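Student: You'll find target14.cif just under this line, and it carries mmCIF, C-alpha atoms and all ligand atoms.
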data_run
#
loop_
_atom_site.group_PDB
_atom_site.id
_atom_site.type_symbol
_atom_site.label_atom_id
_atom_site.label_comp_id
_atom_site.auth_asym_id
_atom_site.auth_seq_id
_atom_site.Cartn_x
_atom_site.Cartn_y
_atom_site.Cartn_z
ATOM 1 C CA VAL A 1 91.537 135.664 -18.779
ATOM 2 C CA LEU A 2 88.660 137.413 -20.489
ATOM 3 C CA ASN A 3 87.085 140.814 -20.045
ATOM 4 C CA ILE A 4 83.612 140.540 -18.591
ATOM 5 C CA ILE A 5 81.169 143.283 -19.601
ATOM 6 C CA THR A 6 78.996 144.470 -16.724
ATOM 7 C CA GLU A 7 76.853 146.934 -18.652
ATOM 8 C CA ASP A 8 73.329 145.909 -19.595
ATOM 9 C CA PHE A 9 73.263 143.059 -22.108
ATOM 10 C CA GLU A 10 70.278 144.672 -23.843
ATOM 11 C CA ASN A 11 72.318 147.787 -24.631
ATOM 12 C CA PHE A 12 74.348 145.612 -27.017
ATOM 13 C CA TYR A 13 72.051 142.756 -28.120
ATOM 14 C CA ASP A 14 68.463 142.204 -29.180
ATOM 15 C CA ILE A 15 67.079 139.013 -27.612
ATOM 16 C CA GLN A 16 65.172 136.816 -30.083
ATOM 17 C CA ASP A 17 63.752 133.304 -29.909
ATOM 18 C CA ASP A 18 64.570 130.518 -27.465
ATOM 19 C CA LEU A 19 66.939 127.891 -28.809
ATOM 20 C CA GLY A 20 66.900 125.524 -25.868
ATOM 21 C CA SER A 21 67.218 125.243 -22.117
ATOM 22 C CA GLY A 22 69.047 123.101 -19.602
ATOM 23 C CA GLN A 23 69.132 122.796 -15.826
ATOM 24 C CA PHE A 24 70.673 126.193 -15.013
ATOM 25 C CA ALA A 25 70.902 127.738 -18.448
ATOM 26 C CA VAL A 26 68.695 128.925 -21.270
ATOM 27 C CA VAL A 27 70.017 129.537 -24.785
ATOM 28 C CA LYS A 28 68.494 132.263 -26.952
ATOM 29 C CA ARG A 29 69.192 133.555 -30.420
ATOM 30 C CA VAL A 30 70.378 137.182 -30.141
ATOM 31 C CA ARG A 31 71.357 139.880 -32.641
ATOM 32 C CA GLU A 32 74.331 142.195 -31.950
ATOM 33 C CA LEU A 33 72.970 145.767 -32.322
ATOM 34 C CA ASN A 34 75.930 147.487 -33.933
ATOM 35 C CA THR A 35 76.797 144.699 -36.410
ATOM 36 C CA GLY A 36 73.465 142.929 -37.003
ATOM 37 C CA HIS A 37 75.260 139.591 -36.536
ATOM 38 C CA GLU A 38 73.339 136.781 -34.833
ATOM 39 C CA PHE A 39 74.705 134.694 -31.960
ATOM 40 C CA ALA A 40 73.543 132.117 -29.440
ATOM 41 C CA ALA A 41 73.498 133.593 -25.925
ATOM 42 C CA LYS A 42 73.661 131.134 -23.012
ATOM 43 C CA PHE A 43 72.133 132.716 -19.879
ATOM 44 C CA VAL A 44 73.460 130.903 -16.812
ATOM 45 C CA ARG A 45 71.974 131.579 -13.358
ATOM 46 C CA LYS A 46 74.447 132.343 -10.601
ATOM 47 C CA LYS A 47 73.948 130.702 -7.235
ATOM 48 C CA LYS A 48 72.307 133.232 -4.866
ATOM 49 C CA CYS A 49 74.386 131.999 -1.926
ATOM 50 C CA VAL A 50 76.884 129.250 -1.213
ATOM 51 C CA ALA A 51 74.232 126.930 0.202
ATOM 52 C CA GLY A 52 71.844 127.707 -2.663
ATOM 53 C CA ARG A 53 70.836 124.758 -4.806
ATOM 54 C CA ARG A 54 69.720 126.742 -7.868
ATOM 55 C CA GLY A 55 72.347 128.070 -10.238
ATOM 56 C CA LEU A 56 76.040 127.477 -10.572
ATOM 57 C CA LYS A 57 79.021 128.942 -8.770
ATOM 58 C CA ARG A 58 80.532 131.910 -10.623
ATOM 59 C CA GLU A 59 83.893 130.165 -11.113
ATOM 60 C CA GLU A 60 82.173 127.059 -12.527
ATOM 61 C CA ILE A 61 80.450 129.178 -15.172
ATOM 62 C CA LEU A 62 83.644 131.060 -16.015
ATOM 63 C CA ARG A 63 85.493 127.724 -16.340
ATOM 64 C CA GLU A 64 83.447 127.036 -19.486
ATOM 65 C CA ALA A 65 84.419 130.456 -20.876
ATOM 66 C CA ASP A 66 88.118 129.888 -20.096
ATOM 67 C CA ILE A 67 88.043 126.477 -21.790
ATOM 68 C CA LEU A 68 86.267 127.837 -24.891
ATOM 69 C CA SER A 69 88.841 130.653 -25.116
ATOM 70 C CA GLU A 70 91.739 128.221 -24.801
ATOM 71 C CA LEU A 71 90.298 125.977 -27.538
ATOM 72 C CA ALA A 72 89.533 128.764 -30.050
ATOM 73 C CA PRO A 73 89.924 128.689 -32.970
ATOM 74 C CA HIS A 74 89.076 125.247 -34.304
ATOM 75 C CA ARG A 75 86.711 124.504 -37.224
ATOM 76 C CA ASN A 76 84.843 121.863 -35.195
ATOM 77 C CA ILE A 77 84.527 123.712 -31.874
ATOM 78 C CA ILE A 78 82.089 126.554 -31.125
ATOM 79 C CA THR A 79 83.660 129.961 -30.445
ATOM 80 C CA LEU A 80 82.925 132.395 -27.621
ATOM 81 C CA HIS A 81 82.284 135.992 -28.742
ATOM 82 C CA ASP A 82 81.512 137.922 -25.523
ATOM 83 C CA ILE A 83 80.821 137.515 -21.807
ATOM 84 C CA PHE A 84 78.389 139.630 -19.770
ATOM 85 C CA GLU A 85 77.725 139.500 -16.041
ATOM 86 C CA ASN A 86 74.930 141.015 -13.965
ATOM 87 C CA LYS A 87 73.686 140.396 -10.427
ATOM 88 C CA HIS A 88 71.847 137.159 -11.252
ATOM 89 C CA GLU A 89 73.477 135.613 -14.284
ATOM 90 C CA ILE A 90 76.464 135.291 -16.556
ATOM 91 C CA ILE A 91 75.774 135.444 -20.289
ATOM 92 C CA LEU A 92 78.068 133.612 -22.717
ATOM 93 C CA VAL A 93 77.643 134.953 -26.259
ATOM 94 C CA LEU A 94 78.496 132.036 -28.518
ATOM 95 C CA GLU A 95 78.852 131.424 -32.248
ATOM 96 C CA LEU A 96 75.445 130.562 -33.697
ATOM 97 C CA VAL A 97 75.189 127.400 -35.776
ATOM 98 C CA GLY A 98 72.224 127.174 -38.095
ATOM 99 C CA GLY A 99 72.086 123.542 -39.107
ATOM 100 C CA GLY A 100 70.508 122.066 -35.994
ATOM 101 C CA GLU A 101 71.586 118.989 -34.032
ATOM 102 C CA LEU A 102 73.265 115.969 -35.602
ATOM 103 C CA PHE A 103 70.646 114.151 -33.512
ATOM 104 C CA HIS A 104 67.799 115.555 -35.651
ATOM 105 C CA TYR A 105 69.741 114.969 -38.858
ATOM 106 C CA ILE A 106 70.005 111.251 -37.988
ATOM 107 C CA ALA A 107 66.360 111.139 -36.866
ATOM 108 C CA GLU A 108 65.268 112.414 -40.288
ATOM 109 C CA LYS A 109 67.535 109.990 -42.128
ATOM 110 C CA ASP A 110 67.044 107.156 -39.613
ATOM 111 C CA THR A 111 70.511 105.779 -40.374
ATOM 112 C CA LEU A 112 73.473 107.057 -42.372
ATOM 113 C CA SER A 113 75.762 105.319 -44.853
ATOM 114 C CA GLU A 114 79.081 104.244 -43.327
ATOM 115 C CA GLU A 115 80.879 106.874 -45.434
ATOM 116 C CA GLU A 116 78.614 109.649 -44.151
ATOM 117 C CA ALA A 117 78.865 108.433 -40.549
ATOM 118 C CA ALA A 118 82.671 108.168 -40.806
ATOM 119 C CA LYS A 119 82.862 111.756 -42.113
ATOM 120 C CA PHE A 120 80.916 113.033 -39.083
ATOM 121 C CA ILE A 121 82.963 110.908 -36.672
ATOM 122 C CA LEU A 122 86.219 112.137 -38.284
ATOM 123 C CA GLN A 123 85.213 115.754 -37.562
ATOM 124 C CA ILE A 124 84.229 114.913 -33.970
ATOM 125 C CA LEU A 125 87.618 113.180 -33.584
ATOM 126 C CA GLU A 126 89.416 116.260 -34.956
ATOM 127 C CA GLY A 127 87.641 118.533 -32.476
ATOM 128 C CA VAL A 128 88.246 116.090 -29.613
ATOM 129 C CA HIS A 129 91.902 115.693 -30.685
ATOM 130 C CA HIS A 130 92.303 119.480 -30.340
ATOM 131 C CA MET A 131 90.735 119.335 -26.854
ATOM 132 C CA HIS A 132 92.737 116.323 -25.706
ATOM 133 C CA GLU A 133 96.018 117.879 -26.877
ATOM 134 C CA LYS A 134 95.308 120.603 -24.294
ATOM 135 C CA ASN A 135 94.256 118.030 -21.656
ATOM 136 C CA ILE A 136 90.653 119.239 -21.890
ATOM 137 C CA VAL A 137 87.896 116.645 -21.643
ATOM 138 C CA HIS A 138 84.333 117.461 -22.790
ATOM 139 C CA LEU A 139 82.457 114.863 -20.633
ATOM 140 C CA ASP A 140 79.090 115.387 -22.335
ATOM 141 C CA LEU A 141 79.641 114.265 -25.920
ATOM 142 C CA LYS A 142 76.322 113.178 -27.447
ATOM 143 C CA PRO A 143 74.422 113.811 -30.719
ATOM 144 C CA GLU A 144 72.559 116.757 -29.134
ATOM 145 C CA ASN A 145 75.901 118.490 -28.563
ATOM 146 C CA VAL A 146 77.113 118.032 -32.121
ATOM 147 C CA MET A 147 75.551 120.708 -34.328
ATOM 148 C CA LEU A 148 75.607 121.130 -38.095
ATOM 149 C CA LEU A 149 77.076 124.507 -39.068
ATOM 150 C CA GLU A 150 74.507 124.957 -41.802
ATOM 151 C CA LYS A 151 71.519 122.996 -43.014
ATOM 152 C CA ASN A 152 72.397 120.331 -45.586
ATOM 153 C CA LYS A 153 76.098 121.019 -45.035
ATOM 154 C CA THR A 154 78.154 118.385 -43.270
ATOM 155 C CA GLN A 155 80.532 120.588 -41.253
ATOM 156 C CA ILE A 156 79.891 120.049 -37.530
ATOM 157 C CA LYS A 157 80.659 122.058 -34.384
ATOM 158 C CA ILE A 158 80.898 120.585 -30.899
ATOM 159 C CA ILE A 159 78.921 122.711 -28.384
ATOM 160 C CA ASP A 160 78.179 122.903 -24.681
ATOM 161 C CA PHE A 161 81.365 122.740 -22.661
ATOM 162 C CA GLY A 162 79.330 123.234 -19.470
ATOM 163 C CA ILE A 163 80.835 120.230 -17.665
ATOM 164 C CA SER A 164 84.145 120.121 -19.544
ATOM 165 C CA ARG A 165 87.356 120.081 -17.498
ATOM 166 C CA LYS A 166 91.009 120.844 -17.870
ATOM 167 C CA LEU A 167 92.604 117.744 -16.311
ATOM 168 C CA GLN A 168 95.383 118.540 -13.828
ATOM 169 C CA PRO A 169 97.889 115.656 -13.510
ATOM 170 C CA ASN A 170 97.807 115.385 -9.710
ATOM 171 C CA GLU A 171 94.158 116.341 -9.268
ATOM 172 C CA PRO A 172 91.839 113.444 -10.231
ATOM 173 C CA THR A 173 88.488 114.844 -11.371
ATOM 174 C CA LYS A 174 85.491 112.797 -10.254
ATOM 175 C CA GLU A 175 82.416 114.798 -9.383
ATOM 176 C CA THR A 176 81.028 115.459 -12.859
ATOM 177 C CA PHE A 177 78.317 113.399 -14.448
ATOM 178 C CA GLY A 178 77.206 113.415 -18.086
ATOM 179 C CA THR A 179 74.076 111.999 -19.695
ATOM 180 C CA PRO A 180 73.479 108.377 -18.493
ATOM 181 C CA GLU A 181 73.169 106.870 -22.015
ATOM 182 C CA PHE A 182 76.596 108.222 -23.007
ATOM 183 C CA VAL A 183 78.725 108.003 -19.851
ATOM 184 C CA ALA A 184 81.677 105.629 -19.511
ATOM 185 C CA PRO A 185 81.898 102.958 -16.759
ATOM 186 C CA GLU A 186 84.427 105.011 -14.734
ATOM 187 C CA VAL A 187 81.930 107.863 -14.423
ATOM 188 C CA ILE A 188 79.291 105.486 -12.991
ATOM 189 C CA ALA A 189 81.892 104.050 -10.596
ATOM 190 C CA PHE A 190 82.871 107.610 -9.550
ATOM 191 C CA GLU A 191 86.447 106.852 -10.526
ATOM 192 C CA PRO A 192 88.645 109.642 -11.896
ATOM 193 C CA VAL A 193 87.620 110.749 -15.389
ATOM 194 C CA THR A 194 90.349 110.931 -18.024
ATOM 195 C CA LEU A 195 90.525 111.811 -21.712
ATOM 196 C CA ALA A 196 89.428 108.193 -22.339
ATOM 197 C CA THR A 197 86.013 109.082 -20.890
ATOM 198 C CA ASP A 198 85.244 111.108 -24.041
ATOM 199 C CA MET A 199 86.323 108.191 -26.228
ATOM 200 C CA TRP A 200 83.643 105.883 -24.778
ATOM 201 C CA SER A 201 81.016 108.526 -25.677
ATOM 202 C CA ILE A 202 82.349 108.693 -29.235
ATOM 203 C CA GLY A 203 81.762 104.929 -29.410
ATOM 204 C CA VAL A 204 78.133 105.462 -28.374
ATOM 205 C CA ILE A 205 77.659 108.234 -30.948
ATOM 206 C CA THR A 206 79.178 106.024 -33.700
ATOM 207 C CA TYR A 207 76.926 103.086 -32.755
ATOM 208 C CA ILE A 208 73.854 105.382 -32.940
ATOM 209 C CA LEU A 209 74.897 106.962 -36.273
ATOM 210 C CA LEU A 210 75.234 103.511 -37.849
ATOM 211 C CA SER A 211 72.149 101.840 -36.376
ATOM 212 C CA GLY A 212 69.723 104.451 -35.018
ATOM 213 C CA ALA A 213 69.743 102.362 -31.812
ATOM 214 C CA SER A 214 71.445 103.228 -28.503
ATOM 215 C CA PRO A 215 73.847 100.487 -27.313
ATOM 216 C CA PHE A 216 73.353 100.607 -23.528
ATOM 217 C CA LEU A 217 69.991 102.326 -23.116
ATOM 218 C CA GLY A 218 67.719 100.471 -20.670
ATOM 219 C CA ASN A 219 64.174 101.176 -19.520
ATOM 220 C CA THR A 220 65.512 102.941 -16.437
ATOM 221 C CA ASN A 221 68.758 104.781 -15.633
ATOM 222 C CA GLN A 222 69.687 101.908 -13.335
ATOM 223 C CA GLU A 223 69.333 99.412 -16.182
ATOM 224 C CA THR A 224 71.404 101.691 -18.424
ATOM 225 C CA PHE A 225 74.120 101.984 -15.757
ATOM 226 C CA ASN A 226 74.184 98.175 -15.324
ATOM 227 C CA ASN A 227 74.523 97.655 -19.100
ATOM 228 C CA ILE A 228 77.413 100.133 -19.209
ATOM 229 C CA THR A 229 79.205 98.710 -16.155
ATOM 230 C CA GLN A 230 78.947 95.204 -17.618
ATOM 231 C CA VAL A 231 79.794 96.532 -21.118
ATOM 232 C CA ASP A 232 76.639 94.674 -22.124
ATOM 233 C CA TYR A 233 75.879 95.565 -25.746
ATOM 234 C CA ARG A 234 75.674 93.720 -29.028
ATOM 235 C CA PHE A 235 75.573 94.386 -32.752
ATOM 236 C CA ASP A 236 71.971 93.410 -33.308
ATOM 237 C CA GLU A 237 71.671 91.714 -36.719
ATOM 238 C CA GLU A 238 68.493 93.734 -37.199
ATOM 239 C CA PHE A 239 70.577 96.942 -37.423
ATOM 240 C CA PHE A 240 74.124 95.769 -38.118
ATOM 241 C CA ALA A 241 73.611 93.098 -40.783
ATOM 242 C CA ASN A 242 75.200 95.329 -43.458
ATOM 243 C CA THR A 243 77.761 97.066 -41.231
ATOM 244 C CA SER A 244 81.416 96.436 -42.079
ATOM 245 C CA ASP A 245 83.701 94.580 -39.680
ATOM 246 C CA LEU A 246 85.954 97.674 -39.702
ATOM 247 C CA ALA A 247 83.137 99.837 -38.327
ATOM 248 C CA LYS A 248 82.338 97.253 -35.640
ATOM 249 C CA ASP A 249 86.036 96.987 -34.767
ATOM 250 C CA PHE A 250 86.210 100.800 -34.414
ATOM 251 C CA ILE A 251 83.315 100.705 -31.927
ATOM 252 C CA GLN A 252 84.646 97.637 -30.090
ATOM 253 C CA GLN A 253 87.960 99.428 -29.402
ATOM 254 C CA LEU A 254 86.036 102.182 -27.626
ATOM 255 C CA PHE A 255 83.682 100.000 -25.559
ATOM 256 C CA VAL A 256 86.545 98.853 -23.335
ATOM 257 C CA LYS A 257 85.881 99.020 -19.606
ATOM 258 C CA ASN A 258 89.464 99.787 -18.601
ATOM 259 C CA PRO A 259 90.092 103.411 -19.681
ATOM 260 C CA ARG A 260 93.820 102.724 -20.086
ATOM 261 C CA GLN A 261 93.126 100.026 -22.674
ATOM 262 C CA ARG A 262 90.497 102.059 -24.558
ATOM 263 C CA ALA A 263 91.454 103.479 -27.977
ATOM 264 C CA THR A 264 92.711 107.073 -27.768
ATOM 265 C CA VAL A 265 91.659 109.846 -30.155
ATOM 266 C CA VAL A 266 94.943 109.317 -32.080
ATOM 267 C CA ASP A 267 94.261 105.551 -32.319
ATOM 268 C CA CYS A 268 90.825 106.427 -33.734
ATOM 269 C CA LEU A 269 92.192 108.950 -36.250
ATOM 270 C CA ASN A 270 94.543 106.208 -37.484
ATOM 271 C CA HIS A 271 91.893 103.476 -37.519
ATOM 272 C CA PRO A 272 91.340 102.151 -41.088
ATOM 273 C CA TRP A 273 87.582 102.851 -40.804
ATOM 274 C CA ILE A 274 88.367 106.538 -40.312
ATOM 275 C CA LYS A 275 91.738 107.244 -41.945
ATOM 276 C CA PRO A 276 90.836 109.559 -44.820
ATOM 277 C CA ARG A 277 90.716 107.189 -47.768
HETATM 278 C C1 LIG B 301 69.906 126.810 -34.289
HETATM 279 C C2 LIG B 301 70.112 126.285 -32.879
HETATM 280 C C3 LIG B 301 69.090 125.533 -32.271
HETATM 281 C C4 LIG B 301 69.234 125.056 -30.967
HETATM 282 C C5 LIG B 301 70.409 125.342 -30.277
HETATM 283 C C6 LIG B 301 71.444 126.081 -30.887
HETATM 284 C C7 LIG B 301 71.316 126.581 -32.187
HETATM 285 C C8 LIG B 301 72.499 126.170 -29.929
HETATM 286 C C9 LIG B 301 73.776 126.752 -29.920
HETATM 287 C C10 LIG B 301 74.578 126.609 -28.792
HETATM 288 C C11 LIG B 301 74.129 125.909 -27.645
HETATM 289 C C12 LIG B 301 74.979 125.758 -26.397
HETATM 290 C C13 LIG B 301 72.841 125.343 -27.648
HETATM 291 C C14 LIG B 301 72.056 125.469 -28.771
HETATM 292 N N1 LIG B 301 70.794 124.994 -29.003
HETATM 293 C C15 LIG B 301 69.999 124.234 -28.035
HETATM 294 C C16 LIG B 301 69.975 122.774 -28.380
HETATM 295 C C17 LIG B 301 71.376 122.223 -28.461
HETATM 296 N N2 LIG B 301 71.422 120.809 -28.200
HETATM 297 C C18 LIG B 301 75.836 127.289 -29.098
HETATM 298 O O1 LIG B 301 76.817 127.395 -28.378
HETATM 299 N N3 LIG B 301 75.736 127.811 -30.343
HETATM 300 C C19 LIG B 301 74.534 127.510 -30.886
HETATM 301 O O2 LIG B 301 74.166 127.849 -32.006
#
In structure tokens, write the structure found in this file.
Ligand SMILES: Cc1ccc2c(c1)c1c3c(c(C)cc1n2CCCN)C(=O)NC3=O

Tutor:
Amino acid sequence: VLNIITEDFENFYDIQDDLGSGQFAVVKRVRELNTGHEFAAKFVRKKKCVAGRRGLKREEILREADILSELAPHRNIITLHDIFENKHEIILVLELVGGGELFHYIAEKDTLSEEEAAKFILQILEGVHHMHEKNIVHLDLKPENVMLLEKNKTQIKIIDFGISRKLQPNEPTKETFGTPEFVAPEVIAFEPVTLATDMWSIGVITYILLSGASPFLGNTNQETFNNITQVDYRFDEEFFANTSDLAKDFIQQLFVKNPRQRATVVDCLNHPWIKPR
């Protein structure tokens, strides 16, 4: 689908500071030599051999690139600029966002007003709507993967499509796993993931934006998984005393165990708490 450049990455880009790292990838700020533009480069290790535990299979890494290319352009989804490949790694050159994680923005403000939270959730819903229209599911939606485009600006971009999938009708996708705090019950039960799996995560993000607390988080992953499987959460008066019933209803429609009964992204875009007023 895309053309992969096999010449040396450093002939085209200057590598600058680290932006973050994950299990098999490290993200660095880079500057394109002949334009001076800055990007975020995601360096992903390739598995040495089939049996190797470190790194990812080549086609798994390129799946993320294919999905990003299919989704571009959308104002709330990060764009892919270039792909490089060498013996040990594949490098995805991605749009750089300067505003930092929504996660940090909340941390600084502790909680947001319902209007502000609804504006962020509306943008996440618009990006997710674009994905779901193409049968693409993100599977790792969480505040760390929602970035502000610029500091003190409220436009957001969804990043990190590393475990996203294009759902094929007759090919139930099971093996992926997101971040325990944000995964839906079907992921824990290793049942097929669907577009509804992202909707559960949007419920968790909304709950956190409004309260600063995480609805299912336990002291251990096992406790968290039990809370999720039993849909055991509540609107603690300590955090939700001043939260509108509409906001709680929006969240309640997403914390539904049966994925088929869970609100879809279109239901959410039409929910009175969100519908642009
Ligand atoms: C300014 C800044 C700081 C940290 C960044 C990024 C940008 C960033 C970016 C991306 C990814 C996958 C991770 C990123 N990280 C790592 C942490 C993301 N949760 C990305 O795709 N574009 C970014 O700007």

Student: With the file shown as input, list the residues that the PyMOL selection byres (((chain A and resi 266) around 12) and not hetatm) selects, as a PyMOL selection string.

Tutor: chain A and resi 122+125-130+132-133+195-196+199+262-265+267-271+274-275

Student: Pull out every residue that the PyMOL selection byres (((chain A and resi 51-59) around 12) and not hetatm) matches in the shown coordinates and put them as number ranges by chain.

Tutor: A: 22-26, 43-50, 60-66, 85-91, 162-163

Student: Include C-alpha atoms and write out the residues we just selected as an mmCIF file, in the frame of the given file.

Tutor:
data_model
loop_
_atom_site.group_PDB
_atom_site.id
_atom_site.type_symbol
_atom_site.label_atom_id
_atom_site.label_comp_id
_atom_site.auth_asym_id
_atom_site.auth_seq_id
_atom_site.Cartn_x
_atom_site.Cartn_y
_atom_site.Cartn_z
ATOM 1 C CA GLY A 22 69.047 123.101 -19.602
ATOM 2 C CA GLN A 23 69.132 122.796 -15.826
ATOM 3 C CA PHE A 24 70.673 126.193 -15.013
ATOM 4 C CA ALA A 25 70.902 127.738 -18.448
ATOM 5 C CA VAL A 26 68.695 128.925 -21.270
ATOM 6 C CA PHE A 43 72.133 132.716 -19.879
ATOM 7 C CA VAL A 44 73.460 130.903 -16.812
ATOM 8 C CA ARG A 45 71.974 131.579 -13.358
ATOM 9 C CA LYS A 46 74.447 132.343 -10.601
ATOM 10 C CA LYS A 47 73.948 130.702 -7.235
ATOM 11 C CA LYS A 48 72.307 133.232 -4.866
ATOM 12 C CA CYS A 49 74.386 131.999 -1.926
ATOM 13 C CA VAL A 50 76.884 129.250 -1.213
ATOM 14 C CA GLU A 60 82.173 127.059 -12.527
ATOM 15 C CA ILE A 61 80.450 129.178 -15.172
ATOM 16 C CA LEU A 62 83.644 131.060 -16.015
ATOM 17 C CA ARG A 63 85.493 127.724 -16.340
ATOM 18 C CA GLU A 64 83.447 127.036 -19.486
ATOM 19 C CA ALA A 65 84.419 130.456 -20.876
ATOM 20 C CA ASP A 66 88.118 129.888 -20.096
ATOM 21 C CA GLU A 85 77.725 139.500 -16.041
ATOM 22 C CA ASN A 86 74.930 141.015 -13.965
ATOM 23 C CA LYS A 87 73.686 140.396 -10.427
ATOM 24 C CA HIS A 88 71.847 137.159 -11.252
ATOM 25 C CA GLU A 89 73.477 135.613 -14.284
ATOM 26 C CA ILE A 90 76.464 135.291 -16.556
ATOM 27 C CA ILE A 91 75.774 135.444 -20.289
ATOM 28 C CA GLY A 162 79.330 123.234 -19.470
ATOM 29 C CA ILE A 163 80.835 120.230 -17.665
#

Student: Using all atoms listed in the file, pick whichever of A:Ile208, A:Ser21, A:Thr35, A:Leu68 has the shortest atom-to-atom distance to A:Leu102.

Tutor: A:Ile208

Student: What does the distance between atom CA of A:Phe84 and atom CA of A:Ile5 come to in Å, to one decimal place?

Tutor: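 These atoms are spaced 4.6 Å apart.
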
Student: Using all atoms listed in the file, determine which residues fall within 10 Å of ligand LIG 301 (chain B), then list them as a VMD selection string.

Tutor: chain A and resid 17 to 22 25 to 29 38 to 43 77 to 80 92 to 104 142 to 151 157 to 162

Student: Considering all atoms listed in the file, state which residue in the set A:Ser201, A:Thr229, A:Ser69, A:Gln261 is at the smallest distance from A:Ile121.

Tutor: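 Ranked by minimum distance to A:Ile121, first place goes to A:Ser201.
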
Student: Could you tell me how far atom CA of A:Ile228 lies from atom CA of A:Phe216, in Å and to one decimal?

Tutor: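 Going from atom CA of A:Ile228 over to atom CA of A:Phe216, I get 5.9 Å.
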
Student: Quick one, how far is atom CA of A:Ala213 from atom CA of A:Pro192?

Tutor: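 Spanning atom CA of A:Ala213 to atom CA of A:Pro192 is a straight-line distance of 28.4 Å.
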
Student: Given the choices A:Ile83, A:Leu139, A:Ala107, A:Ile205, which gets closest to A:Thr176 if the distance is worked out from all atoms listed in the file?

Tutor: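 Among the listed residues, the smallest separation from A:Thr176 belongs to A:Leu139.
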
Student: For the file shown, what are the residues hit by the PyMOL selection byres (((chain A and resi 178-189) around 10) and not hetatm), laid out as a PyMOL selection string?

Tutor: chain A and resi 138-143+163-164+174-177+190-194+196-205+214-218+220-222+224-231+254-259

Student: How would stretch 105-116 of chain A read, as a PDB file, in the frame of the given file, once N, CA, C and O atoms are built in?

Tutor:
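Ended up saving to rebuild13.pdb:
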ATOM      1  N   TYR A 105      69.347 115.345 -37.501  1.00  0.00           N
ATOM      2  CA  TYR A 105      69.741 114.969 -38.858  1.00  0.00           C
ATOM      3  C   TYR A 105      69.638 113.445 -39.012  1.00  0.00           C
ATOM      4  O   TYR A 105      69.099 112.935 -39.979  1.00  0.00           O
ATOM      5  N   ILE A 106      70.075 112.719 -37.946  1.00  0.00           N
ATOM      6  CA  ILE A 106      70.005 111.251 -37.988  1.00  0.00           C
ATOM      7  C   ILE A 106      68.544 110.827 -37.950  1.00  0.00           C
ATOM      8  O   ILE A 106      68.103 109.954 -38.671  1.00  0.00           O
ATOM      9  N   ALA A 107      67.785 111.493 -37.056  1.00  0.00           N
ATOM     10  CA  ALA A 107      66.360 111.139 -36.866  1.00  0.00           C
ATOM     11  C   ALA A 107      65.644 111.207 -38.203  1.00  0.00           C
ATOM     12  O   ALA A 107      64.884 110.321 -38.562  1.00  0.00           O
ATOM     13  N   GLU A 108      65.947 112.274 -38.980  1.00  0.00           N
ATOM     14  CA  GLU A 108      65.268 112.414 -40.288  1.00  0.00           C
ATOM     15  C   GLU A 108      65.725 111.327 -41.259  1.00  0.00           C
ATOM     16  O   GLU A 108      64.938 110.789 -42.011  1.00  0.00           O
ATOM     17  N   LYS A 109      67.024 110.960 -41.144  1.00  0.00           N
ATOM     18  CA  LYS A 109      67.535 109.990 -42.128  1.00  0.00           C
ATOM     19  C   LYS A 109      67.482 108.568 -41.584  1.00  0.00           C
ATOM     20  O   LYS A 109      67.862 107.643 -42.243  1.00  0.00           O
ATOM     21  N   ASP A 110      67.095 108.448 -40.305  1.00  0.00           N
ATOM     22  CA  ASP A 110      67.044 107.156 -39.613  1.00  0.00           C
ATOM     23  C   ASP A 110      68.450 106.561 -39.466  1.00  0.00           C
ATOM     24  O   ASP A 110      68.972 106.497 -38.383  1.00  0.00           O
ATOM     25  N   THR A 111      69.082 106.145 -40.544  1.00  0.00           N
ATOM     26  CA  THR A 111      70.511 105.779 -40.374  1.00  0.00           C
ATOM     27  C   THR A 111      71.293 106.420 -41.515  1.00  0.00           C
ATOM     28  O   THR A 111      70.708 106.886 -42.483  1.00  0.00           O
ATOM     29  N   LEU A 112      72.607 106.425 -41.361  1.00  0.00           N
ATOM     30  CA  LEU A 112      73.473 107.057 -42.372  1.00  0.00           C
ATOM     31  C   LEU A 112      74.281 105.958 -43.058  1.00  0.00           C
ATOM     32  O   LEU A 112      74.475 104.880 -42.510  1.00  0.00           O
ATOM     33  N   SER A 113      74.828 106.269 -44.233  1.00  0.00           N
ATOM     34  CA  SER A 113      75.762 105.319 -44.853  1.00  0.00           C
ATOM     35  C   SER A 113      77.039 105.342 -44.010  1.00  0.00           C
ATOM     36  O   SER A 113      77.286 106.312 -43.279  1.00  0.00           O
ATOM     37  N   GLU A 114      77.841 104.273 -44.119  1.00  0.00           N
ATOM     38  CA  GLU A 114      79.081 104.244 -43.327  1.00  0.00           C
ATOM     39  C   GLU A 114      79.983 105.407 -43.713  1.00  0.00           C
ATOM     40  O   GLU A 114      80.627 106.014 -42.859  1.00  0.00           O
ATOM     41  N   GLU A 115      80.023 105.749 -45.001  1.00  0.00           N
ATOM     42  CA  GLU A 115      80.879 106.874 -45.434  1.00  0.00           C
ATOM     43  C   GLU A 115      80.440 108.159 -44.736  1.00  0.00           C
ATOM     44  O   GLU A 115      81.242 108.893 -44.184  1.00  0.00           O
ATOM     45  N   GLU A 116      79.116 108.398 -44.751  1.00  0.00           N
ATOM     46  CA  GLU A 116      78.614 109.649 -44.151  1.00  0.00           C
ATOM     47  C   GLU A 116      78.886 109.661 -42.642  1.00  0.00           C
ATOM     48  O   GLU A 116      79.351 110.653 -42.075  1.00  0.00           O
TER      49      GLU A 116
END
